[in-house]
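Asks: Got a file for you: model-v5.pdb, PDB, C-alpha atoms, pLDDT in the B column.
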MODEL        1
ATOM      1  CA  MET A  28       0.000   0.000   0.000  1.00 44.00           C
ATOM      2  CA  SER A  29       1.208   3.484  -0.799  1.00 42.00           C
ATOM      3  CA  THR A  30       1.828   6.212   1.711  1.00 46.00           C
ATOM      4  CA  GLN A  31      -1.247   7.925   3.020  1.00 48.00           C
ATOM      5  CA  GLN A  32      -2.294  11.095   1.185  1.00 51.00           C
ATOM      6  CA  ASN A  33      -5.308  12.951   2.490  1.00 57.00           C
ATOM      7  CA  GLY A  34      -6.926  15.627   0.408  1.00 53.00           C
ATOM      8  CA  PRO A  35      -8.538  18.737   1.880  1.00 54.00           C
ATOM      9  CA  ASP A  36     -11.776  16.796   2.402  1.00 61.00           C
ATOM     10  CA  GLY A  37     -10.107  13.873   4.159  1.00 71.00           C
ATOM     11  CA  ILE A  38     -10.459  11.475   1.203  1.00 81.00           C
ATOM     12  CA  ASP A  39      -7.500   9.127   1.049  1.00 89.00           C
ATOM     13  CA  VAL A  40      -7.144   7.481  -2.367  1.00 91.00           C
ATOM     14  CA  GLY A  41      -4.491   5.082  -1.080  1.00 90.00           C
ATOM     15  CA  TYR A  42      -6.809   3.840   1.665  1.00 91.00           C
ATOM     16  CA  VAL A  43      -9.751   3.483  -0.727  1.00 90.00           C
ATOM     17  CA  ALA A  44      -7.534   1.584  -3.172  1.00 93.00           C
ATOM     18  CA  HIS A  45      -6.477  -0.729  -0.333  1.00 93.00           C
ATOM     19  CA  LEU A  46     -10.126  -1.412   0.556  1.00 95.00           C
ATOM     20  CA  ALA A  47     -10.835  -2.170  -3.118  1.00 95.00           C
ATOM     21  CA  ARG A  48      -7.843  -4.533  -3.218  1.00 96.00           C
ATOM     22  CA  MET A  49      -6.171  -2.337  -5.847  1.00 94.00           C
ATOM     23  CA  VAL A  50      -2.442  -1.823  -6.060  1.00 95.00           C
ATOM     24  CA  LEU A  51      -1.589   1.712  -7.164  1.00 94.00           C
ATOM     25  CA  THR A  52       1.793   3.220  -7.842  1.00 94.00           C
ATOM     26  CA  GLU A  53       2.727   6.495  -6.162  1.00 93.00           C
ATOM     27  CA  GLU A  54       2.144   8.276  -9.488  1.00 94.00           C
ATOM     28  CA  GLU A  55      -1.347   6.760  -9.863  1.00 94.00           C
ATOM     29  CA  THR A  56      -2.230   7.574  -6.266  1.00 93.00           C
ATOM     30  CA  SER A  57      -1.153  11.182  -6.718  1.00 92.00           C
ATOM     31  CA  ARG A  58      -3.023  11.521 -10.030  1.00 94.00           C
ATOM     32  CA  PHE A  59      -6.219   9.927  -8.701  1.00 92.00           C
ATOM     33  CA  GLN A  60      -6.038  12.025  -5.517  1.00 92.00           C
ATOM     34  CA  SER A  61      -5.903  15.174  -7.634  1.00 91.00           C
ATOM     35  CA  GLN A  62      -8.760  13.993  -9.853  1.00 92.00           C
ATOM     36  CA  LEU A  63     -10.905  13.071  -6.859  1.00 89.00           C
ATOM     37  CA  GLU A  64     -10.296  16.470  -5.278  1.00 89.00           C
ATOM     38  CA  ASP A  65     -11.394  18.101  -8.559  1.00 91.00           C
ATOM     39  CA  VAL A  66     -14.618  16.050  -8.579  1.00 90.00           C
ATOM     40  CA  VAL A  67     -15.362  16.955  -4.953  1.00 89.00           C
ATOM     41  CA  GLY A  68     -14.713  20.605  -5.813  1.00 89.00           C
ATOM     42  CA  TYR A  69     -17.246  20.472  -8.661  1.00 91.00           C
ATOM     43  CA  VAL A  70     -19.833  18.887  -6.360  1.00 90.00           C
ATOM     44  CA  LYS A  71     -19.260  21.667  -3.830  1.00 90.00           C
ATOM     45  CA  LYS A  72     -19.870  24.249  -6.580  1.00 91.00           C
ATOM     46  CA  ILE A  73     -23.143  22.531  -7.479  1.00 87.00           C
ATOM     47  CA  ASN A  74     -24.176  22.597  -3.808  1.00 86.00           C
ATOM     48  CA  GLU A  75     -23.758  26.401  -3.833  1.00 90.00           C
ATOM     49  CA  VAL A  76     -26.594  26.806  -6.361  1.00 88.00           C
ATOM     50  CA  ASP A  77     -29.900  27.943  -4.813  1.00 89.00           C
ATOM     51  CA  LEU A  78     -32.437  25.236  -5.622  1.00 83.00           C
ATOM     52  CA  GLY A  79     -35.097  26.312  -3.121  1.00 86.00           C
ATOM     53  CA  ASP A  80     -37.753  27.024  -5.750  1.00 88.00           C
ATOM     54  CA  ILE A  81     -37.139  23.859  -7.790  1.00 84.00           C
ATOM     55  CA  GLU A  82     -39.294  20.806  -7.216  1.00 82.00           C
ATOM     56  CA  PRO A  83     -37.298  17.572  -6.700  1.00 82.00           C
ATOM     57  CA  THR A  84     -37.657  15.180  -9.622  1.00 81.00           C
ATOM     58  CA  ALA A  85     -36.679  11.636 -10.433  1.00 80.00           C
ATOM     59  CA  HIS A  86     -36.758  12.184 -14.204  1.00 81.00           C
ATOM     60  CA  ALA A  87     -35.653  15.024 -16.455  1.00 82.00           C
ATOM     61  CA  VAL A  88     -39.020  14.956 -18.239  1.00 83.00           C
ATOM     62  CA  ARG A  89     -42.307  14.854 -16.351  1.00 80.00           C
ATOM     63  CA  ILE A  90     -43.777  11.346 -16.528  1.00 82.00           C
ATOM     64  CA  GLN A  91     -47.436  10.579 -15.976  1.00 83.00           C
ATOM     65  CA  ASN A  92     -48.908   7.096 -15.799  1.00 84.00           C
ATOM     66  CA  VAL A  93     -51.919   6.418 -17.961  1.00 84.00           C
ATOM     67  CA  PHE A  94     -54.488   4.456 -16.027  1.00 88.00           C
ATOM     68  CA  ARG A  95     -57.616   2.876 -17.401  1.00 85.00           C
ATOM     69  CA  ASP A  96     -60.782   2.246 -15.479  1.00 87.00           C
ATOM     70  CA  ASP A  97     -60.832  -1.083 -13.699  1.00 88.00           C
ATOM     71  CA  ALA A  98     -63.990  -2.403 -15.297  1.00 90.00           C
ATOM     72  CA  VAL A  99     -65.362  -5.935 -15.196  1.00 92.00           C
ATOM     73  CA  CYS A 100     -65.667  -7.447 -18.642  1.00 90.00           C
ATOM     74  CA  GLU A 101     -66.676 -10.815 -19.956  1.00 91.00           C
ATOM     75  CA  GLY A 102     -63.926 -13.441 -20.032  1.00 90.00           C
ATOM     76  CA  LEU A 103     -63.232 -16.101 -22.631  1.00 91.00           C
ATOM     77  CA  ASP A 104     -65.403 -19.148 -23.022  1.00 91.00           C
ATOM     78  CA  HIS A 105     -63.798 -22.244 -21.414  1.00 91.00           C
ATOM     79  CA  ASP A 106     -64.390 -24.489 -24.447  1.00 91.00           C
ATOM     80  CA  THR A 107     -62.831 -21.912 -26.814  1.00 91.00           C
ATOM     81  CA  VAL A 108     -59.756 -21.612 -24.628  1.00 91.00           C
ATOM     82  CA  MET A 109     -59.336 -25.371 -24.274  1.00 92.00           C
ATOM     83  CA  ALA A 110     -59.659 -25.761 -28.053  1.00 91.00           C
ATOM     84  CA  ASN A 111     -56.468 -23.659 -28.413  1.00 88.00           C
ATOM     85  CA  ALA A 112     -54.512 -25.481 -25.691  1.00 90.00           C
ATOM     86  CA  PRO A 113     -51.611 -27.652 -26.901  1.00 90.00           C
ATOM     87  CA  GLN A 114     -52.564 -30.436 -24.480  1.00 91.00           C
ATOM     88  CA  VAL A 115     -55.590 -30.888 -22.227  1.00 91.00           C
ATOM     89  CA  ILE A 116     -56.083 -33.278 -19.324  1.00 91.00           C
ATOM     90  CA  GLN A 117     -59.326 -33.387 -17.303  1.00 92.00           C
ATOM     91  CA  GLU A 118     -60.612 -30.119 -18.809  1.00 90.00           C
ATOM     92  CA  GLN A 119     -57.386 -28.249 -17.808  1.00 91.00           C
ATOM     93  CA  PHE A 120     -54.137 -27.224 -19.464  1.00 91.00           C
ATOM     94  CA  GLN A 121     -51.555 -29.968 -19.348  1.00 91.00           C
ATOM     95  CA  VAL A 122     -48.062 -28.633 -18.722  1.00 89.00           C
ATOM     96  CA  PRO A 123     -44.724 -30.464 -18.611  1.00 87.00           C
ATOM     97  CA  LYS A 124     -43.541 -31.643 -15.220  1.00 86.00           C
ATOM     98  CA  ILE A 125     -40.626 -29.485 -14.068  1.00 88.00           C
ATOM     99  CA  VAL A 126     -40.041 -30.940 -10.597  1.00 86.00           C
ATOM    100  CA  GLU A 127     -38.740 -34.449 -10.306  1.00 74.00           C
TER     101      GLU A 127
ENDMDL
END
Could I get this file's structure written as C-alpha coordinates?

Replies:
Amino acid sequence: MSTQQNGPDGIDVGYVAHLARMVLTEEETSRFQSQLEDVVGYVKKINEVDLGDIEPTAHAVRIQNVFRDDAVCEGLDHDTVMANAPQVIQEQFQVPKIVE
(Lines of atoms letter the chains of each structure in order from A and count residues from 1; the text may use other names and numbers.)
(Lines give C-alpha, C1' and ligand atoms only; values in the text may rest on other atoms or scores of the structure.)
Protein backbone atom coordinates (compact mmCIF):
# COMPACT_ATOMS: atom_id res chain seq x y z
CA MET A 1 0.00 0.00 0.00
CA SER A 2 1.21 3.48 -0.80
CA THR A 3 1.83 6.21 1.71
CA GLN A 4 -1.25 7.93 3.02
CA GLN A 5 -2.29 11.09 1.18
CA ASN A 6 -5.31 12.95 2.49
CA GLY A 7 -6.93 15.63 0.41
CA PRO A 8 -8.54 18.74 1.88
CA ASP A 9 -11.78 16.80 2.40
CA GLY A 10 -10.11 13.87 4.16
CA ILE A 11 -10.46 11.48 1.20
CA ASP A 12 -7.50 9.13 1.05
CA VAL A 13 -7.14 7.48 -2.37
CA GLY A 14 -4.49 5.08 -1.08
CA TYR A 15 -6.81 3.84 1.66
CA VAL A 16 -9.75 3.48 -0.73
CA ALA A 17 -7.53 1.58 -3.17
CA HIS A 18 -6.48 -0.73 -0.33
CA LEU A 19 -10.13 -1.41 0.56
CA ALA A 20 -10.84 -2.17 -3.12
CA ARG A 21 -7.84 -4.53 -3.22
CA MET A 22 -6.17 -2.34 -5.85
CA VAL A 23 -2.44 -1.82 -6.06
CA LEU A 24 -1.59 1.71 -7.16
CA THR A 25 1.79 3.22 -7.84
CA GLU A 26 2.73 6.50 -6.16
CA GLU A 27 2.14 8.28 -9.49
CA GLU A 28 -1.35 6.76 -9.86
CA THR A 29 -2.23 7.57 -6.27
CA SER A 30 -1.15 11.18 -6.72
CA ARG A 31 -3.02 11.52 -10.03
CA PHE A 32 -6.22 9.93 -8.70
CA GLN A 33 -6.04 12.03 -5.52
CA SER A 34 -5.90 15.17 -7.63
CA GLN A 35 -8.76 13.99 -9.85
CA LEU A 36 -10.90 13.07 -6.86
CA GLU A 37 -10.30 16.47 -5.28
CA ASP A 38 -11.39 18.10 -8.56
CA VAL A 39 -14.62 16.05 -8.58
CA VAL A 40 -15.36 16.95 -4.95
CA GLY A 41 -14.71 20.60 -5.81
CA TYR A 42 -17.25 20.47 -8.66
CA VAL A 43 -19.83 18.89 -6.36
CA LYS A 44 -19.26 21.67 -3.83
CA LYS A 45 -19.87 24.25 -6.58
CA ILE A 46 -23.14 22.53 -7.48
CA ASN A 47 -24.18 22.60 -3.81
CA GLU A 48 -23.76 26.40 -3.83
CA VAL A 49 -26.59 26.81 -6.36
CA ASP A 50 -29.90 27.94 -4.81
CA LEU A 51 -32.44 25.24 -5.62
CA GLY A 52 -35.10 26.31 -3.12
CA ASP A 53 -37.75 27.02 -5.75
CA ILE A 54 -37.14 23.86 -7.79
CA GLU A 55 -39.29 20.81 -7.22
CA PRO A 56 -37.30 17.57 -6.70
CA THR A 57 -37.66 15.18 -9.62
CA ALA A 58 -36.68 11.64 -10.43
CA HIS A 59 -36.76 12.18 -14.20
CA ALA A 60 -35.65 15.02 -16.45
CA VAL A 61 -39.02 14.96 -18.24
CA ARG A 62 -42.31 14.85 -16.35
CA ILE A 63 -43.78 11.35 -16.53
CA GLN A 64 -47.44 10.58 -15.98
CA ASN A 65 -48.91 7.10 -15.80
CA VAL A 66 -51.92 6.42 -17.96
CA PHE A 67 -54.49 4.46 -16.03
CA ARG A 68 -57.62 2.88 -17.40
CA ASP A 69 -60.78 2.25 -15.48
CA ASP A 70 -60.83 -1.08 -13.70
CA ALA A 71 -63.99 -2.40 -15.30
CA VAL A 72 -65.36 -5.94 -15.20
CA CYS A 73 -65.67 -7.45 -18.64
CA GLU A 74 -66.68 -10.82 -19.96
CA GLY A 75 -63.93 -13.44 -20.03
CA LEU A 76 -63.23 -16.10 -22.63
CA ASP A 77 -65.40 -19.15 -23.02
CA HIS A 78 -63.80 -22.24 -21.41
CA ASP A 79 -64.39 -24.49 -24.45
CA THR A 80 -62.83 -21.91 -26.81
CA VAL A 81 -59.76 -21.61 -24.63
CA MET A 82 -59.34 -25.37 -24.27
CA ALA A 83 -59.66 -25.76 -28.05
CA ASN A 84 -56.47 -23.66 -28.41
CA ALA A 85 -54.51 -25.48 -25.69
CA PRO A 86 -51.61 -27.65 -26.90
CA GLN A 87 -52.56 -30.44 -24.48
CA VAL A 88 -55.59 -30.89 -22.23
CA ILE A 89 -56.08 -33.28 -19.32
CA GLN A 90 -59.33 -33.39 -17.30
CA GLU A 91 -60.61 -30.12 -18.81
CA GLN A 92 -57.39 -28.25 -17.81
CA PHE A 93 -54.14 -27.22 -19.46
CA GLN A 94 -51.55 -29.97 -19.35
CA VAL A 95 -48.06 -28.63 -18.72
CA PRO A 96 -44.72 -30.46 -18.61
CA LYS A 97 -43.54 -31.64 -15.22
CA ILE A 98 -40.63 -29.49 -14.07
CA VAL A 99 -40.04 -30.94 -10.60
CA GLU A 100 -38.74 -34.45 -10.31

Asks: Take every atom of range 53-59 of chain A listed in the file, pad by 3 Å on each side, and give me the axis-aligned box centre and edge lengths in Å, one decimal, as JSON.

Replies:
{"center_x": -1.7, "center_y": 9.0, "center_z": -8.1, "size_x": 14.9, "size_y": 11.0, "size_z": 9.9}

Asks: With only C-alpha atoms as the counted atoms, please give the residues lying no more than 12 Å from Asp106 in chain A, apart from itself and same-chain residues fewer than 6 positions off, as an MDAnalysis selection string.

Replies: chainID A and resid 112 115 118:120

Asks: So how many Å separate CA of Val67 in chain A and CA of Gly37 in chain A, to one decimal?

Replies: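 Calculated distance between CA of Val67 in chain A and CA of Gly37 in chain A is 11.0 Å.
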
Asks: Between CA of Val76 in chain A and CA of Asp39 in chain A, what is the distance, to one decimal in Å?

Replies: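 Between CA of Val76 in chain A and CA of Asp39 in chain A the gap works out to 27.1 Å.
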
Asks: Could you work out how far CA of Ala47 in chain A lies from CA of Val70 in chain A, giving the answer in Å with one decimal?

Replies: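 Those two atoms sit 23.1 Å apart.
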
Asks: Suppose a student applies the PyMOL selection byres ((chain A and resi 52-57) around 7) to this structure; what residues should they get, written as a list in words?

Replies: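 This file gives the following for the PyMOL selection byres ((chain A and resi 52-57) around 7): Ser29, Val40, Gly41, Val50, Leu51, Arg58, Phe59, Gln60 and Ser61 of chain A.
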